[in-house]
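Data first, discussion second: the structure below is written as structure tokens.
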Amino acid sequence: MGIYILVILIMLASWGVSARLKSKFETYSKLRLQNNMSGAEIAEKMLADHGIRNVRVISTPGRLTDHYNPADKTVNLSEAVYSQRNAAAAAVAAHEVGHAIQHATAYSWLEMRSKLVPVVSVASNFVQWILLAGILMVNTFPQLLLIGIVIFALTTLFSFITLPVEYDASNRALAWLENKQMLNREEHAGAKDALKWAARTYVVAAIGSLGTLLYYVMIYMGRRE
């Protein structure tokens, strides 16, 4: 019963954080920058200030699709972030450049996460099927569930390794925005608040993954009893 309560609490927390994040970004998207720079211009200047000249800033379709791609060295900004000139766009653009700086400086946590990406990408395609089959066959072939648990544990590990990567990228972004006086006090406070709530989505995701892992472990251990 305890694990079910935990799962429900995690789901509620995830919903609450996601709703709060959406609200924050809508608020700070209305806070126009006094310097009138777009997200793309913020990203390009931050790259230049760190001496990174082999990374391109490009626009990518969709909303909340912002990411840094180490494979082709591109900072991908969603259409709104790329073109808009507000505190939310500045925060997201600088955060993604933070990942580019991590890559350029061989940040250890990012390198560790990058090594896990291929494994996690493949595992995520079939781990749920293995776990489902393992639960159905837990009394006749418990090893299958154990295999699924081990694979799922890798995805959980990936979620926790992601935390320092995301927090560090935000810290780099906020430090640069402040040191270069890119934003005024109100704009900087908005950018900081937006990134804080964005980071909390990763925390909830990691805790949720851990809770799910414990659920499968309890099923396996219960079978053994």
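Letters A, B, ... go to the chains of the structure tokens in the order shown; residues in each chain start at 1; ligands are counted from 1 in the same order.
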
>> Residues near Leu6 of chain A, anyone? I mean within 12 Å using only C-alpha atoms, not counting same-chain ones fewer than 5 positions away, as number ranges by chain.
In response: A: 1, 11-13, 207-215

>> Show me, as a ChimeraX atom specification, the residues that have an atom within 10 Å of Trp197 of chain A when counting only C-alpha atoms, minus same-chain residues fewer than 3 positions from it.
In response: /A:17-22,24-25,192-194,200-203

Just to be explicit: take each residue in the selection above, keep N, CA and C atoms, and write the result as a compact mmCIF listing (two decimals), in the first residue's frame.
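Below you can see part12.txt, which holds the result:
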```
# COMPACT_ATOMS: atom_id res chain seq x y z
N VAL A 17 4.21 20.53 -10.44
CA VAL A 17 5.43 21.20 -10.92
C VAL A 17 5.28 21.59 -12.39
N SER A 18 4.72 20.71 -13.20
CA SER A 18 4.53 21.01 -14.63
C SER A 18 3.59 22.20 -14.82
N ALA A 19 2.52 22.22 -14.04
CA ALA A 19 1.57 23.34 -14.13
C ALA A 19 2.22 24.64 -13.69
N ARG A 20 2.99 24.56 -12.63
CA ARG A 20 3.68 25.75 -12.12
C ARG A 20 4.72 26.25 -13.13
N LEU A 21 5.43 25.31 -13.75
CA LEU A 21 6.44 25.69 -14.75
C LEU A 21 5.78 26.40 -15.93
N LYS A 22 4.67 25.85 -16.40
CA LYS A 22 3.95 26.48 -17.51
C LYS A 22 3.50 27.88 -17.14
N LYS A 24 4.84 29.88 -14.88
CA LYS A 24 6.01 30.75 -14.75
C LYS A 24 6.50 31.22 -16.11
N PHE A 25 6.58 30.30 -17.06
CA PHE A 25 7.08 30.68 -18.38
C PHE A 25 6.11 31.60 -19.11
N LYS A 192 15.89 33.44 -13.34
CA LYS A 192 16.30 32.52 -12.28
C LYS A 192 15.12 31.68 -11.80
N ASP A 193 13.98 32.31 -11.64
CA ASP A 193 12.79 31.60 -11.17
C ASP A 193 12.33 30.58 -12.20
N ALA A 194 12.37 30.96 -13.48
CA ALA A 194 11.95 30.04 -14.55
C ALA A 194 12.85 28.81 -14.59
N ARG A 200 13.18 21.58 -11.38
CA ARG A 200 12.37 20.74 -10.49
C ARG A 200 11.62 19.65 -11.25
N THR A 201 11.37 19.86 -12.54
CA THR A 201 10.73 18.80 -13.32
C THR A 201 11.65 17.60 -13.43
N TYR A 202 12.95 17.84 -13.51
CA TYR A 202 13.91 16.74 -13.57
C TYR A 202 14.01 16.02 -12.23
N VAL A 203 13.89 16.78 -11.15
CA VAL A 203 13.92 16.17 -9.82
C VAL A 203 12.73 15.23 -9.64
```

>> List the spatial neighbours of Thr60 of chain A as an NGL selection string - criterion: any atom at most 8 Å away, only C-alpha atoms, same-chain residues fewer than 6 positions off excluded.
In response: :A and (66 or 76-79)

Those residues with C-alpha atoms, as a short mmCIF file (atom, residue, chain, number, x, y, z; two decimals), in the first residue's frame please?
```
data_model
loop_
_atom_site.label_atom_id
_atom_site.label_comp_id
_atom_site.auth_asym_id
_atom_site.auth_seq_id
_atom_site.Cartn_x
_atom_site.Cartn_y
_atom_site.Cartn_z
CA ASP A 66 14.96 23.31 -26.72
CA ASN A 76 18.42 23.97 -30.82
CA LEU A 77 15.93 26.60 -29.68
CA SER A 78 12.19 26.23 -30.06
CA GLU A 79 10.63 28.74 -32.43
#
```

>> For the structure I just gave you, how does DSSP split segment 73-200 of chain A - specifically, which residues are helix (DSSP H, G or I)? Reply as a VMD selection string.
In response: chain A and resid 79 to 83 87 to 104 108 to 136 142 to 179 185 to 200

>> Which residues are close to segment 97-100 of chain A, i.e. within 6 Å by only C-alpha atoms, leaving aside same-chain residues fewer than 2 positions away? Reply as a list in words.
In response: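 Answer for this query is Ala94, His95, Gln102, His103, Ala169, Arg172 and Ala173 of chain A.
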
>> Could you list, as a ChimeraX atom specification, every residue within 6 Å of segment 51-57 of chain A, counting only C-alpha atoms and ignoring same-chain residues fewer than 4 positions away?
In response: /A:47,73-75

Grab the residues selected above and save them as a compact mmCIF listing (two decimals), in the first residue's frame with all heavy atoms.
```
# COMPACT_ATOMS: atom_id res chain seq x y z
N LEU A 47 27.92 32.09 -26.43
CA LEU A 47 28.90 31.21 -27.07
C LEU A 47 30.18 31.99 -27.40
O LEU A 47 31.29 31.53 -27.12
CB LEU A 47 28.32 30.60 -28.35
CG LEU A 47 27.25 29.52 -28.17
CD1 LEU A 47 26.58 29.22 -29.51
CD2 LEU A 47 27.87 28.24 -27.60
N LYS A 73 26.85 19.50 -32.62
CA LYS A 73 27.21 20.76 -31.99
C LYS A 73 26.26 21.89 -32.39
O LYS A 73 26.65 22.90 -32.98
CB LYS A 73 28.66 21.14 -32.31
CG LYS A 73 29.67 20.17 -31.71
CD LYS A 73 31.09 20.64 -31.95
CE LYS A 73 32.08 19.68 -31.28
NZ LYS A 73 33.49 20.12 -31.47
N THR A 74 24.99 21.69 -32.05
CA THR A 74 23.99 22.72 -32.32
C THR A 74 23.18 23.01 -31.06
O THR A 74 22.83 22.10 -30.31
CB THR A 74 23.01 22.28 -33.43
OG1 THR A 74 22.40 21.03 -33.07
CG2 THR A 74 23.72 22.13 -34.76
N VAL A 75 22.93 24.29 -30.83
CA VAL A 75 21.99 24.71 -29.79
C VAL A 75 20.65 24.87 -30.48
O VAL A 75 20.47 25.77 -31.31
CB VAL A 75 22.44 26.04 -29.15
CG1 VAL A 75 21.34 26.56 -28.22
CG2 VAL A 75 23.74 25.85 -28.38
```

> Any idea what's packed within 10 Å of Ile151 of chain A, counting only C-alpha atoms, ignoring anything in its chain fewer than 5 positions away? Could you give it as a ChimeraX atom specification?
Replying inline: /A:119-120,123-124,126-128,130-131,145-146,156

> Rounded to one decimal in Å, what is the spacing between atom CA of Met112 of chain A and atom CA of Leu157 of chain A?
Replying inline: 10.7 Å

Within 10 Å of segment 32-37 of chain A, which residues of segment 119-191 of chain A come that close, and what is the closest atom pair and distance in Å for each? Count only C-alpha atoms and give it as a Markdown table.
```
| residue | atom | partner | partner_atom | distance |
| --- | --- | --- | --- | --- |
| A:Met182 | CA | A:Asn35 | CA | 7.4 |
| A:Leu183 | CA | A:Leu33 | CA | 7.1 |
| A:Asn184 | CA | A:Gln34 | CA | 7.7 |
| A:Glu186 | CA | A:Leu33 | CA | 9.7 |
| A:Glu187 | CA | A:Leu33 | CA | 7.0 |
| A:His188 | CA | A:Leu33 | CA | 9.9 |
```

> Among segment 46-213 of chain A, which ones does DSSP place in strand (DSSP E), written as a list in words?
Replying inline: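 Filtering segment 46-213 of chain A to strand (DSSP E) leaves Arg56, Val57, Ile58, Ser59, Thr60, His67, Tyr68, Asn69, Thr74, Val75, Asn76, Leu77 and Ser78 of chain A.
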
Output for the residues just chosen: N, CA and C atoms as a PDB file, in the first residue's frame:
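The resulting file, out16.pdb, is shown below:
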```pdb
ATOM      1  N   ARG A  56      26.556  25.943 -33.650  1.00  0.00           N
ATOM      2  CA  ARG A  56      25.552  26.759 -34.327  1.00  0.00           C
ATOM      3  C   ARG A  56      24.288  26.865 -33.481  1.00  0.00           C
ATOM      4  N   VAL A  57      23.620  27.995 -33.579  1.00  0.00           N
ATOM      5  CA  VAL A  57      22.323  28.200 -32.925  1.00  0.00           C
ATOM      6  C   VAL A  57      21.264  28.132 -34.007  1.00  0.00           C
ATOM      7  N   ILE A  58      20.345  27.162 -33.869  1.00  0.00           N
ATOM      8  CA  ILE A  58      19.326  26.984 -34.897  1.00  0.00           C
ATOM      9  C   ILE A  58      17.940  26.927 -34.261  1.00  0.00           C
ATOM     10  N   SER A  59      16.935  27.139 -35.086  1.00  0.00           N
ATOM     11  CA  SER A  59      15.543  27.077 -34.631  1.00  0.00           C
ATOM     12  C   SER A  59      14.996  25.681 -34.892  1.00  0.00           C
ATOM     13  N   THR A  60      14.249  25.148 -33.929  1.00  0.00           N
ATOM     14  CA  THR A  60      13.658  23.818 -34.083  1.00  0.00           C
ATOM     15  C   THR A  60      12.155  23.924 -33.861  1.00  0.00           C
ATOM     16  N   HIS A  67      17.093  22.142 -26.833  1.00  0.00           N
ATOM     17  CA  HIS A  67      18.108  21.198 -26.379  1.00  0.00           C
ATOM     18  C   HIS A  67      19.436  21.488 -27.070  1.00  0.00           C
ATOM     19  N   TYR A  68      20.490  20.954 -26.475  1.00  0.00           N
ATOM     20  CA  TYR A  68      21.805  21.025 -27.110  1.00  0.00           C
ATOM     21  C   TYR A  68      22.143  19.644 -27.646  1.00  0.00           C
ATOM     22  N   ASN A  69      22.567  19.578 -28.899  1.00  0.00           N
ATOM     23  CA  ASN A  69      22.924  18.309 -29.534  1.00  0.00           C
ATOM     24  C   ASN A  69      24.444  18.228 -29.663  1.00  0.00           C
ATOM     25  N   THR A  74      24.987  21.691 -32.045  1.00  0.00           N
ATOM     26  CA  THR A  74      23.991  22.718 -32.316  1.00  0.00           C
ATOM     27  C   THR A  74      23.177  23.005 -31.063  1.00  0.00           C
ATOM     28  N   VAL A  75      22.926  24.288 -30.833  1.00  0.00           N
ATOM     29  CA  VAL A  75      21.993  24.709 -29.792  1.00  0.00           C
ATOM     30  C   VAL A  75      20.655  24.870 -30.485  1.00  0.00           C
ATOM     31  N   ASN A  76      19.730  23.974 -30.174  1.00  0.00           N
ATOM     32  CA  ASN A  76      18.423  23.967 -30.822  1.00  0.00           C
ATOM     33  C   ASN A  76      17.415  24.700 -29.943  1.00  0.00           C
ATOM     34  N   LEU A  77      16.903  25.803 -30.424  1.00  0.00           N
ATOM     35  CA  LEU A  77      15.935  26.597 -29.675  1.00  0.00           C
ATOM     36  C   LEU A  77      14.577  26.498 -30.336  1.00  0.00           C
ATOM     37  N   SER A  78      13.546  26.278 -29.521  1.00  0.00           N
ATOM     38  CA  SER A  78      12.189  26.230 -30.063  1.00  0.00           C
ATOM     39  C   SER A  78      11.877  27.566 -30.728  1.00  0.00           C
TER      40      SER A  78
END
```

> Restricting the calculation to only C-alpha atoms, which member of A:Leu9, A:Val138, A:Ala91, A:Arg63 is positioned closest to Ala43 of chain A?
Replying inline: A:Ala91
